[in-house]
Number of protein chains: 4
Amino acid sequence: MKRFRQRLHRQLDPQAWPAGGLSPINVALVIAILVATISAIVQTEPRLSQDYSETFRVLELTLGFLFGVEYLARLWTIVEREPHRSPGRQRIQYALRPAALLDLFTVVVTLLPLITVNVMALRLIRLLRILRLAKLGRMSAAMRLLYDVVNSRRYELGVTLALTIAVLILGATALYWIEGSLQPEQFGSIPRALWWAVITLTTIGYGDAYPITAAGKFVAGIVAITGIGLIAMPTGILASAFSEAVRKR
Amino acid sequence: MKRFRQRLHRQLDPQAWPAGGLSPINVALVIAILVATISAIVQTEPRLSQDYSETFRVLELTLGFLFGVEYLARLWTIVEREPHRSPGRQRIQYALRPAALLDLFTVVVTLLPLITVNVMALRLIRLLRILRLAKLGRMSAAMRLLYDVVNSRRYELGVTLALTIAVLILGATALYWIEGSLQPEQFGSIPRALWWAVITLTTIGYGDAYPITAAGKFVAGIVAITGIGLIAMPTGILASAFSEAVRKR
Amino acid sequence: MKRFRQRLHRQLDPQAWPAGGLSPINVALVIAILVATISAIVQTEPRLSQDYSETFRVLELTLGFLFGVEYLARLWTIVEREPHRSPGRQRIQYALRPAALLDLFTVVVTLLPLITVNVMALRLIRLLRILRLAKLGRMSAAMRLLYDVVNSRRYELGVTLALTIAVLILGATALYWIEGSLQPEQFGSIPRALWWAVITLTTIGYGDAYPITAAGKFVAGIVAITGIGLIAMPTGILASAFSEAVRKR
Amino acid sequence: MKRFRQRLHRQLDPQAWPAGGLSPINVALVIAILVATISAIVQTEPRLSQDYSETFRVLELTLGFLFGVEYLARLWTIVEREPHRSPGRQRIQYALRPAALLDLFTVVVTLLPLITVNVMALRLIRLLRILRLAKLGRMSAAMRLLYDVVNSRRYELGVTLALTIAVLILGATALYWIEGSLQPEQFGSIPRALWWAVITLTTIGYGDAYPITAAGKFVAGIVAITGIGLIAMPTGILASAFSEAVRKR
């Protein structure tokens, strides 16, 4: 019994797994979480949730049962982490962690559909558990690198963001003046014109708002070309930061 | 009295603040400027300015009063900057600076709404004051880095801009020839076709103008793919310039 | 006869060609493959395939005949690769390779139009043969560099992709909540909102789906600006990886 | 007379000008060329060319006269370049150069409007003369740097272009299969679907063609995200090439 708990703990706790990467059980759990997430996303589509309501109900109950068993298994094996401490206190401490409470709540809500809460948020939060499971290995080294790179250039990126906001406000104000009375729905106020400015500067261009006068098009053209420069900025900043971070290692 | 003035000066003048970053009073002023800017932007929206007209009036008067007090406090404490010079001449010199005149004018216009001028421009110019307050610290080092980087590559960026303008003119001329008679509103003249060219080359693509013939689509496709190359250029230039600038420090 | 086979083998087998680049016959074959591909693409256009049906039929038969002769020539000359092995076994071994079977099948289908299969896929697969022919020379060195660069940063690029998917799901869920009941066709389910999220985050912005409420526009604006950051990421990662790969050589 | 010709030659010939940059006369000529180009572009707009037809006629004749004088001045001073050669042969040699013939033809066409040819192309070609005048100085060093950078990575950029074309063909074929019968105007043939693919992969997204089925949207989403990677590629390649080129200097 004790040996089984030890082996199960090694499988469940990413930090206890001796080999590189994830243990087979954690790989299965990551897949189960992905399936649960995709199922949660797909079920919001009325046509599918009606046609396959039975399939989804079975899938949800199966996944709920699986995550319930996982929850109990983690509670049982957690004492293996620090074998010399009192098992009861360790389990209570584990159960009271926000992450564990969330896990428990999600399982209860899934298995007892009597409580009809909007469980979409809960289902998506499950995705965060992948992060917890994947904390080790090369993937997390890459995560740390990305975080360090962005962090080391936070002032430069902040200045670029401030510049972008300044261009957004200037562009929106200009078009509010030029086309505000012609297209009140699109440019009748600066907040409305800001929507146009964001969609233009990010080069998305839905086409729901665009200038129709020569002056408006001229200003929009300048904003558009400035936008290219403002997109080039953070890319250049991050590229040099990556080069530096990689050289340091 | 003299000690209070010294302490107030240290709070108001970014260069006099001994610790890093901004003084508490200047942080409060930056927040007040941001609130004033957002208020100015939001008030242009007719629905909001009508429903909350009283709220906006109180907010504007409060902010006007606050900036008025700030103006007087700066005028009073400026003499601490160079204690050995004549206080009167220092104050007059300060008051006649364009930035201080603008501050005074904005305050007067806000507090005396009798003068009904279009004060939008004045309100947005307030944002520049954040720049003046934030002149110190790491943010301004990042600003200088960005400026140096762009400046050190101004010829390369200039050539890229010239190339972009050449592609814009070539593309617009081609589509004016190909689709000018078919879609006179969109391509009936080169200036009109230039609007299409700018919106295409910056990859915005509103959808108000696009070719409909096979020949037009072929030329537009080439312009579009060239556009990707022209966006890659400044990014590559800035990335290498950042790498170089960071290495030098 | 033996000498002619040797010379033909040197022409046909890219690895046997002593000079750099491609042999004249392989250059001709690359051109023939490109012509065949363009012909296959153009023929799907009903107007052209009807007006020039005779031209296309002649072109297809000519190309089919040419590739048939090439197939037989390769089968005949393959024994020159390893002159000491049994010619029969070498030819059977060559003929049974998936690539050779595909070549044969494509030729047969082209020359015997009695078998009316949808041969579009077969025709496009021909393009892969260019890769096989172009395996040597500087082009393939560039290919290997690109592959190495992407491969050396697969974890960083993977994390960026995971982040992108997370932003996609978050943005789609937010707009499903905000605009799901207002625009059921566009945001009535998370899968539908995901289409909007992908087209927005990649800055394409067709304009078939966009938010119309203030709250929806606010969230979309944040997603749009985040999108710029997520595009800057892989560019920065690849730029630094290229710098490193080039320095190593 | 000889001294005046020498001084004029120093002004007209960029290579003869002793100080850095352009000579005052060449600066004036660059401005005149820009004015002529903008005038040529603006005149294609029917509303403007009708309302200001007299202004444009005077401007065109003035510019034509100016460029005529310039042509004669260059013909007269060219002998100063190599003072020991025969003036007559030098002038004939200069006059027969394609660039000089084009200059003469443009002048004649502008001053003798009897010959009603479509002179738009001629007018735009004038822009190339700016390149000839600006051949010296730091601008041309930047031009050479850009050219060297692109040239040094032509194989990598070529492979990226080939990859892009492959993704374009694959994506277009997929959507032709999925949506060809549903939206024949947009996806009824691969050439038509290619227009959609180019506008999507370059992230322009006019909105004249987009998938409407779930399968089509899924494939389009993959193409869109691949597009981001394909845009990141050339940027990364150019960034590393710039870093290398700058380091070498």
# chains A, B, ... in the order shown; residues from 1 in each chain; ligands from 1
call {"tool": "residues_around", "arguments": {"residues": "range 56-61 of chain D", "least_positions_apart": "4", "cutoff": "7 Å", "atoms": "only C-alpha atoms", "output": "list in words"}}
result
Tyr52, Phe65, Thr110 and Leu111 of chain D
call {"tool": "residues_around", "arguments": {"residues": "Ile169 in chain B", "least_positions_apart": "5", "cutoff": "8 Å", "atoms": "only C-alpha atoms", "output": "number ranges by chain"}}
result
B: 190, 194, 197
call {"tool": "write_last_selection", "arguments": {"atoms": "N, CA and C atoms", "output": "short mmCIF file (atom, residue, chain, number, x, y, z; two decimals), in the first residue's frame"}}
result
data_model
loop_
_atom_site.label_atom_id
_atom_site.label_comp_id
_atom_site.auth_asym_id
_atom_site.auth_seq_id
_atom_site.Cartn_x
_atom_site.Cartn_y
_atom_site.Cartn_z
N ILE B 190 -4.95 58.89 -59.86
CA ILE B 190 -3.84 58.34 -59.07
C ILE B 190 -3.98 58.69 -57.59
N LEU B 194 -3.97 55.95 -54.77
CA LEU B 194 -2.95 55.98 -53.71
C LEU B 194 -3.55 55.61 -52.37
N ALA B 197 -3.53 52.06 -52.32
CA ALA B 197 -2.16 51.54 -52.20
C ALA B 197 -1.66 51.63 -50.76
#
call {"tool": "interface_residues", "arguments": {"of": "chain C", "to": "chain B", "cutoff": "12 Å", "atoms": "only C-alpha atoms", "output": "list in words"}}
result
Glu45, Thr200, Thr202, Thr203, Ile204, Gly205, Tyr206, Gly207, Asp208, Ala214, Ile231, Ala232, Thr235, Gly236, Ile237, Leu238, Ala239, Ser240, Phe242 and Ser243 of chain C
call {"tool": "write_last_selection", "arguments": {"atoms": "all heavy atoms", "output": "compact mmCIF listing (two decimals), in the first residue's frame"}}
result
# COMPACT_ATOMS: atom_id res chain seq x y z
N GLU C 45 -10.22 27.09 -63.51
CA GLU C 45 -11.05 28.25 -63.82
C GLU C 45 -11.98 27.89 -64.99
O GLU C 45 -11.50 27.69 -66.11
CB GLU C 45 -10.15 29.44 -64.18
CG GLU C 45 -10.87 30.69 -64.65
CD GLU C 45 -11.77 31.28 -63.60
OE1 GLU C 45 -11.34 31.40 -62.45
OE2 GLU C 45 -12.93 31.59 -63.93
N THR C 200 -8.75 38.59 -36.02
CA THR C 200 -8.32 39.84 -35.39
C THR C 200 -6.87 39.76 -34.93
O THR C 200 -6.08 40.67 -35.19
CB THR C 200 -9.23 40.17 -34.19
OG1 THR C 200 -10.56 40.37 -34.67
CG2 THR C 200 -8.76 41.42 -33.47
N THR C 202 -4.44 37.91 -35.92
CA THR C 202 -3.50 37.87 -37.04
C THR C 202 -3.55 39.17 -37.84
O THR C 202 -2.90 39.26 -38.88
CB THR C 202 -3.81 36.67 -37.96
OG1 THR C 202 -5.18 36.76 -38.34
CG2 THR C 202 -3.59 35.36 -37.25
N THR C 203 -4.35 40.14 -37.39
CA THR C 203 -4.49 41.47 -38.01
C THR C 203 -5.03 41.39 -39.44
O THR C 203 -4.80 42.30 -40.23
CB THR C 203 -3.18 42.28 -38.00
OG1 THR C 203 -2.33 41.83 -39.05
CG2 THR C 203 -2.46 42.22 -36.69
N ILE C 204 -5.76 40.30 -39.76
CA ILE C 204 -6.36 40.23 -41.10
C ILE C 204 -7.59 41.14 -41.16
O ILE C 204 -7.66 42.03 -42.01
CB ILE C 204 -6.71 38.76 -41.45
CG1 ILE C 204 -5.43 37.94 -41.61
CG2 ILE C 204 -7.56 38.70 -42.72
CD1 ILE C 204 -5.65 36.45 -41.75
N GLY C 205 -8.56 40.90 -40.27
CA GLY C 205 -9.72 41.79 -40.19
C GLY C 205 -10.56 41.84 -41.44
O GLY C 205 -10.68 42.89 -42.06
N TYR C 206 -11.20 40.71 -41.81
CA TYR C 206 -12.05 40.70 -43.02
C TYR C 206 -13.17 41.72 -42.90
O TYR C 206 -13.56 42.34 -43.88
CB TYR C 206 -12.67 39.32 -43.22
CG TYR C 206 -11.72 38.26 -43.67
CD1 TYR C 206 -11.61 37.06 -42.99
CD2 TYR C 206 -10.94 38.44 -44.81
CE1 TYR C 206 -10.76 36.06 -43.42
CE2 TYR C 206 -10.09 37.44 -45.24
CZ TYR C 206 -10.00 36.26 -44.54
OH TYR C 206 -9.15 35.27 -44.96
N GLY C 207 -13.73 41.83 -41.71
CA GLY C 207 -14.87 42.72 -41.54
C GLY C 207 -16.19 41.97 -41.53
O GLY C 207 -17.24 42.59 -41.55
N ASP C 208 -16.16 40.61 -41.49
CA ASP C 208 -17.42 39.86 -41.41
C ASP C 208 -17.89 39.74 -39.96
O ASP C 208 -19.04 39.43 -39.70
CB ASP C 208 -17.28 38.47 -42.05
CG ASP C 208 -16.19 37.65 -41.39
OD1 ASP C 208 -15.28 38.25 -40.80
OD2 ASP C 208 -16.21 36.42 -41.49
N ALA C 214 -19.73 49.23 -26.91
CA ALA C 214 -18.54 49.88 -26.35
C ALA C 214 -17.67 48.87 -25.61
O ALA C 214 -16.44 48.84 -25.79
CB ALA C 214 -18.97 51.02 -25.43
N ILE C 231 2.77 39.05 -32.34
CA ILE C 231 3.43 38.95 -33.64
C ILE C 231 4.91 39.32 -33.50
O ILE C 231 5.77 38.76 -34.17
CB ILE C 231 2.73 39.85 -34.69
CG1 ILE C 231 1.34 39.31 -34.99
CG2 ILE C 231 3.55 39.95 -35.96
CD1 ILE C 231 0.49 40.23 -35.82
N ALA C 232 5.18 40.29 -32.60
CA ALA C 232 6.57 40.71 -32.39
C ALA C 232 7.41 39.58 -31.80
O ALA C 232 8.60 39.45 -32.11
CB ALA C 232 6.60 41.94 -31.48
N THR C 235 8.93 36.94 -34.30
CA THR C 235 9.89 37.66 -35.12
C THR C 235 11.17 37.88 -34.34
O THR C 235 12.27 37.63 -34.85
CB THR C 235 9.29 39.01 -35.57
OG1 THR C 235 8.00 38.78 -36.10
CG2 THR C 235 10.16 39.67 -36.60
N GLY C 236 11.05 38.35 -33.10
CA GLY C 236 12.22 38.56 -32.27
C GLY C 236 12.98 37.27 -32.03
O GLY C 236 14.21 37.21 -32.12
N ILE C 237 12.24 36.18 -31.75
CA ILE C 237 12.86 34.88 -31.50
C ILE C 237 13.64 34.43 -32.74
O ILE C 237 14.81 34.04 -32.65
CB ILE C 237 11.77 33.84 -31.14
CG1 ILE C 237 11.14 34.19 -29.78
CG2 ILE C 237 12.35 32.44 -31.10
CD1 ILE C 237 9.88 33.39 -29.47
N LEU C 238 13.01 34.51 -33.91
CA LEU C 238 13.67 34.06 -35.14
C LEU C 238 14.86 34.95 -35.48
O LEU C 238 15.90 34.45 -35.93
CB LEU C 238 12.67 34.03 -36.30
CG LEU C 238 11.61 32.93 -36.22
CD1 LEU C 238 10.65 33.03 -37.38
CD2 LEU C 238 12.24 31.56 -36.19
N ALA C 239 14.73 36.27 -35.27
CA ALA C 239 15.83 37.17 -35.59
C ALA C 239 17.07 36.80 -34.78
O ALA C 239 18.18 36.72 -35.33
CB ALA C 239 15.42 38.62 -35.31
N SER C 240 16.90 36.57 -33.47
CA SER C 240 18.07 36.25 -32.65
C SER C 240 18.61 34.87 -33.02
O SER C 240 19.82 34.65 -33.01
CB SER C 240 17.71 36.32 -31.17
OG SER C 240 17.14 35.12 -30.72
N PHE C 242 18.53 33.51 -36.03
CA PHE C 242 19.28 33.66 -37.27
C PHE C 242 20.67 34.24 -37.00
O PHE C 242 21.67 33.77 -37.54
CB PHE C 242 18.53 34.57 -38.24
CG PHE C 242 17.59 33.84 -39.13
CD1 PHE C 242 16.22 33.93 -38.96
CD2 PHE C 242 18.07 33.02 -40.14
CE1 PHE C 242 15.34 33.25 -39.77
CE2 PHE C 242 17.20 32.33 -40.96
CZ PHE C 242 15.82 32.44 -40.77
N SER C 243 20.70 35.29 -36.14
CA SER C 243 21.99 35.90 -35.81
C SER C 243 22.94 34.85 -35.27
O SER C 243 24.11 34.78 -35.65
CB SER C 243 21.80 37.00 -34.76
OG SER C 243 21.14 38.10 -35.32
call {"tool": "residues_around", "arguments": {"residues": "Tyr155 in chain B", "least_positions_apart": "5", "cutoff": "10 Å", "atoms": "only C-alpha atoms", "output": "compact mmCIF listing (two decimals) with N, CA and C atoms, in the first residue's frame"}}
result
# COMPACT_ATOMS: atom_id res chain seq x y z
N VAL B 150 16.57 55.16 -33.47
CA VAL B 150 15.94 55.64 -34.70
C VAL B 150 16.85 56.62 -35.41
N THR B 160 14.17 53.28 -46.86
CA THR B 160 13.01 52.38 -46.83
C THR B 160 11.73 53.15 -47.10
N LEU B 161 11.61 54.34 -46.48
CA LEU B 161 10.42 55.17 -46.70
C LEU B 161 10.33 55.59 -48.17
N ARG D 138 25.60 60.08 -47.91
CA ARG D 138 25.22 59.07 -46.94
C ARG D 138 23.98 58.31 -47.37
N MET D 139 23.07 58.99 -48.12
CA MET D 139 21.87 58.32 -48.57
C MET D 139 22.22 57.12 -49.44
N SER D 140 23.23 57.28 -50.29
CA SER D 140 23.55 56.18 -51.18
C SER D 140 24.33 55.10 -50.44
N ALA D 141 25.04 55.47 -49.35
CA ALA D 141 25.67 54.44 -48.52
C ALA D 141 24.58 53.58 -47.88
N ALA D 142 23.51 54.22 -47.43
CA ALA D 142 22.38 53.47 -46.85
C ALA D 142 21.73 52.58 -47.89
N MET D 143 21.60 53.11 -49.13
CA MET D 143 21.03 52.31 -50.22
C MET D 143 21.86 51.07 -50.46
call {"tool": "calpha_fit_and_write", "arguments": {"fixed": "chain C", "moving": "chain D", "output": "compact mmCIF listing (two decimals) with C-alpha atoms, in the first residue's frame"}}
result
# COMPACT_ATOMS: atom_id res chain seq x y z
CA MET D 1 24.96 2.63 -75.57
CA LYS D 2 26.62 2.25 -72.15
CA ARG D 3 28.30 5.68 -72.51
CA PHE D 4 24.98 7.30 -73.46
CA ARG D 5 23.35 5.75 -70.37
CA GLN D 6 26.19 7.05 -68.20
CA ARG D 7 25.83 10.57 -69.60
CA LEU D 8 22.05 10.47 -69.24
CA HIS D 9 22.39 9.27 -65.63
CA ARG D 10 24.71 12.17 -64.85
CA GLN D 11 22.07 14.50 -66.31
CA LEU D 12 19.12 12.96 -64.49
CA ASP D 13 20.54 12.20 -61.03
CA PRO D 14 21.15 15.48 -59.13
CA GLN D 15 23.81 13.78 -56.99
CA ALA D 16 25.72 12.55 -60.04
CA TRP D 17 25.98 15.94 -61.75
CA PRO D 18 29.63 17.05 -61.34
CA ALA D 19 29.17 20.85 -61.77
CA GLY D 20 27.31 23.01 -59.22
CA GLY D 21 23.56 23.56 -59.55
CA LEU D 22 21.20 21.57 -61.72
CA SER D 23 21.98 19.78 -64.99
CA PRO D 24 20.34 21.21 -68.17
CA ILE D 25 17.85 18.33 -68.36
CA ASN D 26 16.84 18.78 -64.72
CA VAL D 27 16.43 22.54 -65.27
CA ALA D 28 14.10 21.67 -68.17
CA LEU D 29 12.21 19.22 -65.94
CA VAL D 30 11.80 21.82 -63.18
CA ILE D 31 10.35 24.19 -65.79
CA ALA D 32 8.05 21.42 -67.09
CA ILE D 33 6.83 20.73 -63.54
CA LEU D 34 6.14 24.44 -62.99
CA VAL D 35 4.27 24.62 -66.31
CA ALA D 36 2.27 21.50 -65.36
CA THR D 37 1.40 23.02 -61.96
CA ILE D 38 0.34 26.37 -63.39
CA SER D 39 -1.67 24.53 -66.06
CA ALA D 40 -3.37 22.43 -63.36
CA ILE D 41 -4.20 25.58 -61.35
CA VAL D 42 -5.44 27.58 -64.33
CA GLN D 43 -7.62 24.71 -65.63
CA THR D 44 -9.81 24.88 -62.54
CA GLU D 45 -11.07 28.25 -63.82
CA PRO D 46 -14.23 27.31 -65.80
CA ARG D 47 -14.01 30.21 -68.24
CA LEU D 48 -10.43 29.39 -69.27
CA SER D 49 -10.80 25.61 -69.35
CA GLN D 50 -13.79 25.91 -71.68
CA ASP D 51 -12.34 28.50 -74.05
CA TYR D 52 -8.95 26.82 -74.35
CA SER D 53 -9.97 23.20 -73.75
CA GLU D 54 -8.10 22.00 -76.88
CA THR D 55 -4.90 23.86 -75.88
CA PHE D 56 -5.01 22.39 -72.39
CA ARG D 57 -5.62 18.86 -73.76
CA VAL D 58 -2.56 19.09 -76.02
CA LEU D 59 -0.45 20.61 -73.23
CA GLU D 60 -1.49 17.91 -70.76
CA LEU D 61 -0.77 15.08 -73.23
CA THR D 62 2.63 16.60 -74.12
CA LEU D 63 3.57 16.97 -70.46
CA GLY D 64 2.27 13.46 -69.70
CA PHE D 65 4.37 12.05 -72.55
CA LEU D 66 7.42 14.02 -71.35
CA PHE D 67 7.08 12.78 -67.77
CA GLY D 68 6.49 9.25 -69.13
CA VAL D 69 9.77 9.39 -71.05
CA GLU D 70 11.47 10.78 -67.95
CA TYR D 71 10.11 7.91 -65.87
CA LEU D 72 11.42 5.30 -68.32
CA ALA D 73 14.78 7.10 -68.58
CA ARG D 74 15.19 7.12 -64.79
CA LEU D 75 14.30 3.42 -64.66
CA TRP D 76 16.84 2.69 -67.37
CA THR D 77 19.73 4.78 -65.96
CA ILE D 78 19.26 4.02 -62.26
CA VAL D 79 21.65 1.07 -62.56
CA GLU D 80 24.52 3.55 -63.05
CA ARG D 81 24.22 4.68 -59.45
CA GLU D 82 25.66 1.44 -58.07
CA PRO D 83 27.24 -0.29 -61.11
CA HIS D 84 28.26 -3.41 -59.19
CA ARG D 85 24.74 -4.42 -58.09
CA SER D 86 22.26 -6.45 -60.12
CA PRO D 87 20.44 -4.13 -62.62
CA GLY D 88 17.13 -5.96 -62.27
CA ARG D 89 16.96 -5.70 -58.50
CA GLN D 90 18.00 -2.06 -58.57
CA ARG D 91 15.24 -1.23 -61.06
CA ILE D 92 12.56 -3.11 -59.09
CA GLN D 93 13.75 -1.44 -55.87
CA TYR D 94 13.56 1.97 -57.57
CA ALA D 95 10.15 1.31 -59.13
CA LEU D 96 8.68 0.30 -55.76
CA ARG D 97 9.73 3.47 -53.98
CA PRO D 98 6.62 5.57 -53.09
CA ALA D 99 7.99 8.56 -55.05
CA ALA D 100 8.45 6.45 -58.21
CA LEU D 101 5.06 4.78 -57.82
CA LEU D 102 3.47 8.22 -57.56
CA ASP D 103 5.33 9.39 -60.66
CA LEU D 104 4.11 6.32 -62.60
CA PHE D 105 0.54 6.74 -61.38
CA THR D 106 0.48 10.44 -62.33
CA VAL D 107 1.77 9.63 -65.81
CA VAL D 108 -0.75 6.83 -66.36
CA VAL D 109 -3.65 9.00 -65.16
CA THR D 110 -2.61 11.89 -67.40
CA LEU D 111 -2.17 9.75 -70.53
CA LEU D 112 -5.25 7.57 -70.00
CA PRO D 113 -8.02 10.06 -69.26
CA LEU D 114 -10.47 7.16 -69.33
CA ILE D 115 -9.87 6.86 -65.61
CA THR D 116 -11.70 9.95 -64.44
CA VAL D 117 -10.25 10.56 -61.00
CA ASN D 118 -9.85 13.94 -59.37
CA VAL D 119 -6.21 14.37 -60.34
CA MET D 120 -5.75 17.83 -58.80
CA ALA D 121 -3.98 16.41 -55.75
CA LEU D 122 -1.67 14.34 -57.96
CA ARG D 123 -0.80 17.39 -60.01
CA LEU D 124 0.08 19.48 -56.99
CA ILE D 125 2.14 16.65 -55.51
CA ARG D 126 4.33 16.98 -58.59
CA LEU D 127 5.63 20.19 -57.00
CA LEU D 128 7.34 18.06 -54.38
CA ARG D 129 9.50 16.62 -57.15
CA ILE D 130 11.12 20.04 -57.50
CA LEU D 131 12.28 19.62 -53.91
CA ARG D 132 13.79 16.24 -54.78
CA LEU D 133 15.59 17.69 -57.81
CA ALA D 134 16.74 20.81 -55.95
CA LYS D 135 18.20 18.92 -53.03
CA LEU D 136 21.72 20.09 -53.76
CA GLY D 137 23.45 23.41 -53.81
CA ARG D 138 23.04 26.67 -51.95
CA MET D 139 19.24 26.59 -51.99
CA SER D 140 19.23 23.49 -49.84
CA ALA D 141 21.84 25.00 -47.50
CA ALA D 142 19.40 27.89 -46.98
CA MET D 143 16.58 25.38 -46.42
CA ARG D 144 18.61 23.57 -43.78
CA LEU D 145 19.49 26.90 -42.10
CA LEU D 146 15.79 27.85 -41.90
CA TYR D 147 14.89 24.43 -40.54
CA ASP D 148 17.69 24.52 -37.95
CA VAL D 149 16.70 28.00 -36.84
CA VAL D 150 13.05 27.07 -36.32
CA ASN D 151 14.03 23.79 -34.69
CA SER D 152 16.51 25.39 -32.27
CA ARG D 153 13.75 27.64 -30.95
CA ARG D 154 10.86 25.16 -31.05
CA TYR D 155 10.17 25.49 -27.31
CA GLU D 156 10.10 29.30 -27.37
CA LEU D 157 7.92 29.26 -30.50
CA GLY D 158 5.73 26.61 -28.85
CA VAL D 159 5.23 28.79 -25.77
CA THR D 160 4.35 31.75 -28.03
CA LEU D 161 1.82 29.58 -29.85
CA ALA D 162 0.35 28.43 -26.51
CA LEU D 163 0.12 32.08 -25.38
CA THR D 164 -1.58 32.97 -28.65
CA ILE D 165 -4.12 30.17 -28.20
CA ALA D 166 -4.76 31.34 -24.63
CA VAL D 167 -5.37 34.93 -25.82
CA LEU D 168 -7.60 33.58 -28.61
CA ILE D 169 -9.75 31.61 -26.15
CA LEU D 170 -9.89 34.45 -23.61
CA GLY D 171 -10.81 37.03 -26.24
CA ALA D 172 -13.40 34.78 -27.86
CA THR D 173 -14.98 33.97 -24.48
CA ALA D 174 -15.11 37.66 -23.54
CA LEU D 175 -16.84 38.63 -26.80
CA TYR D 176 -19.17 35.65 -26.58
CA TRP D 177 -20.32 36.99 -23.19
CA ILE D 178 -20.52 40.63 -24.28
CA GLU D 179 -21.97 40.38 -27.79
CA GLY D 180 -23.30 36.80 -28.00
CA SER D 181 -26.94 37.80 -27.72
CA LEU D 182 -26.57 40.96 -29.87
CA GLN D 183 -24.83 39.33 -32.82
CA PRO D 184 -25.68 35.61 -32.54
CA GLU D 185 -24.39 34.85 -36.04
CA GLN D 186 -20.91 36.23 -35.23
CA PHE D 187 -20.53 35.75 -31.46
CA GLY D 188 -23.35 33.34 -30.54
CA SER D 189 -20.92 30.62 -29.43
CA ILE D 190 -17.25 30.44 -28.50
CA PRO D 191 -16.30 28.55 -31.70
CA ARG D 192 -17.94 31.34 -33.72
CA ALA D 193 -16.20 34.02 -31.64
CA LEU D 194 -12.91 32.14 -32.12
CA TRP D 195 -13.15 32.84 -35.87
CA TRP D 196 -13.35 36.55 -35.03
CA ALA D 197 -10.44 36.19 -32.57
CA VAL D 198 -8.15 34.46 -35.09
CA ILE D 199 -8.91 36.99 -37.84
CA THR D 200 -8.32 39.86 -35.38
CA LEU D 201 -5.17 38.57 -33.67
CA THR D 202 -3.50 37.87 -37.00
CA THR D 203 -4.48 41.47 -37.99
CA ILE D 204 -6.35 40.23 -41.08
CA GLY D 205 -9.71 41.80 -40.17
CA TYR D 206 -12.03 40.73 -43.01
CA GLY D 207 -14.85 42.76 -41.54
CA ASP D 208 -17.41 39.92 -41.41
CA ALA D 209 -17.33 39.96 -37.59
CA TYR D 210 -16.49 42.87 -35.30
CA PRO D 211 -17.88 44.15 -31.99
CA ILE D 212 -20.52 46.88 -32.04
CA THR D 213 -20.87 47.70 -28.33
CA ALA D 214 -18.52 49.95 -26.37
CA ALA D 215 -17.53 47.09 -24.03
CA GLY D 216 -16.92 44.75 -26.98
CA LYS D 217 -14.80 47.35 -28.75
CA PHE D 218 -12.77 47.97 -25.60
CA VAL D 219 -11.97 44.25 -25.18
CA ALA D 220 -11.30 43.92 -28.92
CA GLY D 221 -8.89 46.88 -28.75
CA ILE D 222 -6.93 45.18 -25.98
CA VAL D 223 -6.88 41.91 -27.94
CA ALA D 224 -5.69 43.84 -31.03
CA ILE D 225 -2.79 45.54 -29.22
CA THR D 226 -1.87 42.23 -27.53
CA GLY D 227 -1.85 40.75 -31.03
CA ILE D 228 0.92 43.12 -32.08
CA GLY D 229 2.99 41.91 -29.14
CA LEU D 230 2.31 38.27 -30.03
CA ILE D 231 3.43 38.92 -33.63
CA ALA D 232 6.57 40.68 -32.37
CA MET D 233 7.47 37.64 -30.24
CA PRO D 234 8.16 34.99 -32.93
CA THR D 235 9.87 37.61 -35.09
CA GLY D 236 12.22 38.50 -32.25
CA ILE D 237 12.83 34.83 -31.45
CA LEU D 238 13.65 33.99 -35.09
CA ALA D 239 15.83 37.09 -35.55
CA SER D 240 18.03 36.16 -32.59
CA ALA D 241 18.13 32.52 -33.72
CA PHE D 242 19.27 33.57 -37.21
CA SER D 243 21.98 35.81 -35.75
CA GLU D 244 23.22 32.89 -33.65
CA ALA D 245 23.08 30.36 -36.51
CA VAL D 246 24.95 32.71 -38.87
CA ARG D 247 27.61 33.47 -36.27
CA LYS D 248 28.23 29.75 -35.71
CA ARG D 249 29.02 29.13 -39.40
call {"tool": "select_by_dssp", "arguments": {"residues": "range 133-233 of chain A", "states": "helix (DSSP H, G or I)", "output": "count of residues only"}}
result
79
